[in-house]
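Undergrad: File entry39.txt follows (compact mmCIF, C-alpha atoms):
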# COMPACT_ATOMS: atom_id res chain seq x y z
CA SER W 1381 10.78 -184.94 20.30
CA ALA W 1382 10.58 -187.65 22.91
CA VAL W 1383 14.17 -188.69 22.26
CA PRO W 1384 16.72 -188.91 25.12
CA HIS W 1385 19.84 -186.81 24.64
CA ALA W 1386 22.10 -189.73 25.54
CA ALA W 1387 21.73 -193.35 26.63
CA ASN W 1388 21.71 -192.37 30.32
CA SER W 1389 19.41 -189.33 29.89
CA LYS W 1390 15.80 -189.11 30.95
CA LEU W 1391 13.13 -189.39 28.28
CA PRO W 1392 11.85 -185.88 27.51
CA MET W 1393 8.30 -185.00 26.54
CA ALA W 1394 7.73 -183.74 23.00
CA LEU W 1395 6.67 -180.08 22.93
CA ASP W 1396 3.15 -179.24 21.85
CA GLY W 1397 2.11 -176.01 20.15
CA ALA W 1398 1.35 -174.22 23.40
CA GLY W 1399 4.73 -175.13 24.82
CA MET W 1400 6.51 -173.94 21.70
CA ALA W 1401 4.65 -170.61 21.78
CA ARG W 1402 5.54 -170.15 25.45
CA ILE W 1403 9.22 -170.83 24.76
CA ARG W 1404 9.30 -168.55 21.71
CA ASP W 1405 7.76 -165.73 23.75
CA SER W 1406 10.18 -166.42 26.60
CA PHE W 1407 13.15 -165.97 24.26
CA ALA W 1408 11.73 -162.59 23.19
CA ALA W 1409 11.14 -161.60 26.81
CA ALA W 1410 14.74 -162.53 27.64
CA ALA W 1411 15.93 -160.24 24.84
CA LYS W 1412 13.91 -157.37 26.34
CA ARG W 1413 15.41 -158.04 29.78
CA SER W 1414 18.88 -158.04 28.22
CA LEU W 1415 18.17 -154.62 26.74
CA ALA W 1416 16.90 -153.31 30.07
CA ALA W 1417 20.03 -154.67 31.74
CA GLY W 1418 22.21 -152.68 29.33
CA PHE W 1419 23.66 -155.37 27.08
CA ASP W 1420 25.06 -154.21 23.72
CA MET W 1421 24.59 -157.52 21.90
CA ILE W 1422 22.94 -160.88 22.46
CA GLU W 1423 23.47 -164.34 21.04
CA LEU W 1424 20.74 -166.83 20.23
CA HIS W 1425 22.01 -170.31 21.09
CA SER W 1426 20.99 -172.98 18.59
CA ALA W 1427 23.99 -175.28 18.96
CA HIS W 1428 25.42 -178.06 21.14
CA GLY W 1429 22.30 -180.17 21.54
CA TYR W 1430 20.25 -177.47 23.25
CA LEU W 1431 16.57 -177.02 22.39
CA LEU W 1432 16.78 -175.12 19.10
CA ASN W 1433 19.53 -177.46 17.92
CA GLN W 1434 17.27 -180.40 18.79
CA PHE W 1435 14.71 -179.06 16.32
CA LEU W 1436 17.33 -178.59 13.60
CA SER W 1437 19.07 -181.94 13.76
CA PRO W 1438 17.53 -185.10 12.32
CA VAL W 1439 19.39 -186.94 15.08
CA ALA W 1440 17.00 -185.48 17.66
CA ASN W 1441 13.99 -184.26 15.68
CA LYS W 1442 11.62 -187.16 15.02
CA ARG W 1443 8.44 -185.06 14.81
CA ASP W 1444 5.77 -185.85 12.23
CA ASP W 1445 4.15 -182.40 12.20
CA ARG W 1446 5.13 -179.19 10.37
CA TYR W 1447 8.18 -178.90 12.66
CA GLY W 1448 9.71 -182.24 11.69
CA GLY W 1449 10.81 -184.19 8.66
CA SER W 1450 12.30 -181.95 5.98
CA ARG W 1451 15.09 -179.48 6.65
CA GLU W 1452 12.64 -176.63 6.00
CA ASN W 1453 10.29 -177.99 8.66
CA ARG W 1454 13.08 -178.63 11.17
CA MET W 1455 14.31 -175.04 10.76
CA ARG W 1456 10.82 -173.59 11.25
CA PHE W 1457 10.75 -173.24 15.05
CA PRO W 1458 14.34 -171.95 15.47
CA LEU W 1459 13.61 -169.36 12.76
CA GLU W 1460 10.37 -168.36 14.48
CA VAL W 1461 12.36 -167.84 17.67
CA ALA W 1462 15.01 -165.83 15.81
CA ALA W 1463 12.34 -163.57 14.29
CA ALA W 1464 10.71 -163.04 17.68
CA VAL W 1465 14.05 -162.18 19.30
CA ARG W 1466 14.96 -159.78 16.50
CA ALA W 1467 11.58 -158.05 16.87
CA ALA W 1468 12.27 -157.58 20.58
CA TRP W 1469 15.88 -156.41 20.12
CA PRO W 1470 16.72 -152.96 18.66
CA GLU W 1471 17.82 -152.95 15.03
CA ASN W 1472 20.92 -150.92 15.89
CA ARG W 1473 22.22 -153.57 18.31
CA PRO W 1474 23.86 -156.77 17.07
CA LEU W 1475 22.11 -160.10 17.26
CA PHE W 1476 24.37 -163.14 16.93
CA ALA W 1477 23.33 -166.78 16.58
CA ARG W 1478 25.46 -169.71 17.62
CA ILE W 1479 25.08 -172.85 15.55
CA SER W 1480 26.57 -176.32 15.35
CA VAL W 1481 27.67 -176.40 11.72
CA THR W 1482 27.85 -180.22 11.82
CA ASP W 1483 26.68 -182.92 14.20
CA TRP W 1484 29.74 -185.06 13.34
CA ILE W 1485 27.24 -187.92 12.95
CA ASP W 1486 26.32 -189.83 9.81
CA ASP W 1487 22.89 -188.73 8.57
CA GLY W 1488 22.97 -185.79 10.98
CA TRP W 1489 23.04 -182.02 10.44
CA ARG W 1490 25.69 -181.07 7.87
CA PRO W 1491 27.59 -177.94 6.78
CA GLU W 1492 25.37 -177.52 3.73
CA ASP W 1493 22.36 -177.43 6.08
CA SER W 1494 24.10 -174.77 8.14
CA VAL W 1495 24.71 -172.57 5.11
CA ILE W 1496 20.98 -172.59 4.34
CA TYR W 1497 20.07 -172.03 8.00
CA ALA W 1498 22.54 -169.13 8.19
CA ARG W 1499 20.99 -167.52 5.10
CA GLU W 1500 17.57 -167.76 6.71
CA LEU W 1501 18.87 -166.34 9.99
CA LYS W 1502 20.43 -163.45 8.10
CA ALA W 1503 17.12 -162.81 6.33
CA ARG W 1504 15.51 -162.46 9.77
CA GLY W 1505 18.01 -159.89 10.94
CA VAL W 1506 20.76 -161.98 12.54
CA ASP W 1507 24.05 -160.10 12.10
CA LEU W 1508 26.66 -162.80 12.75
CA ILE W 1509 26.81 -166.60 12.93
CA HIS W 1510 29.01 -168.03 15.68
CA CYS W 1511 30.21 -171.34 14.21
CA SER W 1512 30.76 -174.27 16.53
CA THR W 1513 30.06 -177.99 16.04
CA GLY W 1514 28.65 -181.07 17.73
CA GLY W 1515 26.25 -181.57 20.58
CA PHE W 1516 24.71 -185.03 20.36
CA ASP W 1517 25.67 -188.41 21.72
CA GLY W 1518 27.62 -190.40 19.15
CA ALA W 1519 29.46 -187.44 17.62
CA LYS W 1520 32.92 -188.20 16.27
CA PRO W 1521 34.68 -184.84 15.88
CA ASN W 1522 38.16 -184.50 14.43
CA VAL W 1523 39.47 -182.41 17.31
CA ALA W 1524 42.72 -180.54 16.68
CA ALA W 1525 44.00 -176.98 16.77
CA LEU W 1526 41.75 -174.68 14.70
CA TYR W 1527 39.52 -177.62 13.74
CA GLN W 1528 36.33 -175.55 13.62
CA VAL W 1529 37.72 -172.60 11.65
CA PRO W 1530 36.93 -174.11 8.21
CA PHE W 1531 33.28 -174.32 9.23
CA ALA W 1532 33.19 -170.59 9.96
CA GLU W 1533 34.74 -169.96 6.56
CA ALA W 1534 32.26 -172.25 4.78
CA VAL W 1535 29.26 -170.53 6.36
CA ARG W 1536 30.73 -167.06 5.75
CA ARG W 1537 31.26 -167.74 2.07
CA GLY W 1538 28.20 -169.89 1.45
CA ALA W 1539 25.67 -167.68 3.24
CA ASP W 1540 27.38 -164.31 2.68
CA VAL W 1541 27.15 -163.50 6.37
CA ALA W 1542 29.64 -162.48 9.04
CA THR W 1543 30.93 -165.34 11.19
CA ALA W 1544 32.84 -165.96 14.40
CA ALA W 1545 35.43 -168.73 14.61
CA VAL W 1546 35.98 -170.68 17.83
CA GLY W 1547 37.71 -173.80 19.08
CA LEU W 1548 41.33 -174.39 20.11
CA ILE W 1549 42.50 -170.99 18.84
CA THR W 1550 45.41 -170.49 21.22
CA GLU W 1551 47.96 -168.34 19.37
CA SER W 1552 47.48 -164.67 18.62
CA ALA W 1553 49.18 -165.00 15.24
CA GLU W 1554 46.65 -167.71 14.32
CA ALA W 1555 43.75 -165.49 15.37
CA GLU W 1556 45.09 -162.62 13.28
CA ARG W 1557 45.61 -164.87 10.26
CA ILE W 1558 42.03 -166.15 10.46
CA LEU W 1559 40.75 -162.58 10.38
CA ALA W 1560 43.18 -161.26 7.79
CA SER W 1561 42.55 -164.16 5.39
CA GLY W 1562 38.79 -163.72 5.57
CA GLN W 1563 38.00 -167.07 7.18
CA ALA W 1564 35.94 -165.30 9.85
CA ASP W 1565 35.08 -161.83 11.10
CA LEU W 1566 35.49 -162.42 14.83
CA ILE W 1567 37.47 -164.76 17.08
CA ALA W 1568 35.60 -166.22 20.04
CA LEU W 1569 37.51 -167.36 23.11
CA ALA W 1570 36.49 -169.74 25.84
CA ARG W 1571 39.06 -172.01 27.51
CA GLN W 1572 41.98 -169.86 26.39
CA ALA W 1573 40.49 -166.82 28.09
CA LEU W 1574 39.94 -168.85 31.25
CA GLU W 1575 43.50 -170.17 31.22
CA ASP W 1576 44.99 -166.74 30.54
CA PRO W 1577 42.71 -163.75 31.10
CA ASN W 1578 45.39 -161.47 29.65
CA TRP W 1579 45.63 -163.37 26.37
CA PRO W 1580 43.63 -160.82 24.34
Could I get this structure in the form of structure tokens?

TA:
Amino acid sequence: SAVPHAANSKLPMALDGAGMARIRDSFAAAAKRSLAAGFDMIELHSAHGYLLNQFLSPVANKRDDRYGGSRENRMRFPLEVAAAVRAAWPENRPLFARISVTDWIDDGWRPEDSVIYARELKARGVDLIHCSTGGFDGAKPNVAALYQVPFAEAVRRGADVATAAVGLITESAEAERILASGQADLIALARQALEDPNWP
């Protein structure tokens, strides 16, 4: 949609059908290049305010065609991309998808939306949902240690799909507890791995 990402962002142009087809095909082509390069798994990014997340969230998606309005319509393009990527990626290699489980914005994307989206991703061959949050201007996250772990658990239980937990997981005992208790199936590291490459 022609909605700026933040107050100081440029006004984007809404995608037309040709542009959406080009982008969908480009995602599939990227998956093929990843295979040729020797990658064992790939992750489809539909979180953090990036393009696919912009389709999903009512905060950013103001379209009045079959790709806007209802949750089903807003999920349509990201799911088309997921299906195209899965078709281009071998069945015996994992395909992950990263999602923002909540926008942290009133009237935005919510955990219950993410459970339904995760079910649909699973139906299209996505093996694991990497559960993060946020991505749009105006978000008000409750940031604290392990603050995103409950979202991974909610998606795992609600959609019956494997999940990865991420976000301020800094102690190995915490990581092990998350896995052992069934809150998530994988632990994803970012800043902690940068701060201490030997942490794992």

Undergrad: For a test of reading the model, state the distance in Å between atom CA of W:Ala1440 and atom CA of W:Ala1564, rounded to one decimal.

TA: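 These two atoms are separated by 28.8 Å.
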
Undergrad: Could you give me, as an MDAnalysis selection string, the residues within 12 Å of W:Gly1397, counting all atoms listed in the file and dropping anything in the same chain fewer than 2 positions from it?

TA: chainID W and resid 1394:1395 1399:1404 1445:1447 1457

Undergrad: Could you please determine the separation between atom CA of W:Asp1405 and atom CA of W:Ala1464 in Å, to one decimal place?

TA: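 Result for atom CA of W:Asp1405 versus atom CA of W:Ala1464: 7.3 Å, one decimal.
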
Undergrad: Would you kindly return, as number ranges by chain, each protein, DNA or RNA residue with an atom no farther than 12 Å from any atom of W:Thr1482, considering only C-alpha atoms and excluding same-chain residues fewer than 5 positions away?

TA: W: 1427-1429, 1433, 1436-1439, 1487-1495, 1497, 1511-1516, 1519-1522, 1528, 1530-1532, 1534-1535

Undergrad: Could you tell me which of W:Ala1545, W:Leu1501, W:Val1481, W:Ala1387 comes closest to W:Gln1563 if we count all atoms listed in the file?

TA: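 For W:Gln1563, the nearest of the candidates is W:Ala1545.
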
Undergrad: Calculate how many Å separate atom CA of W:Val1523 from atom CA of W:Lys1502, rounding to one decimal.

TA: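 Atom CA of W:Val1523 sits 28.4 Å away from atom CA of W:Lys1502.
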
Undergrad: Name the closest residue to W:Lys1442 among the candidates W:Ala1382, W:Ile1422, W:Ala1417, W:Ala1409; distances are taken between atoms, counting all atoms listed in the file.

TA: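 The shortest atom-to-atom distance to W:Lys1442 comes from W:Ala1382.
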
Undergrad: Leaving out W:Leu1566 and any residue of its chain fewer than 4 positions from it, which residues lie within 8 Å of it when counting all atoms listed in the file, given as an MDAnalysis selection string?

TA: chainID W and resid 1543:1545 1559

Undergrad: Counting all atoms listed in the file, figure out which residue out of W:Asp1444, W:Asp1576, W:Glu1423, W:Asp1396 gets nearest to W:Asp1507.

TA: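 Closest to W:Asp1507 of all the choices is W:Glu1423.
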
Undergrad: Looking at all atoms listed in the file, which of W:Ala1408, W:Val1506, W:Leu1431, W:Ile1479 is the one that sits closest to W:Val1383?

TA: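 Ranked by minimum distance to W:Val1383, first place goes to W:Leu1431.
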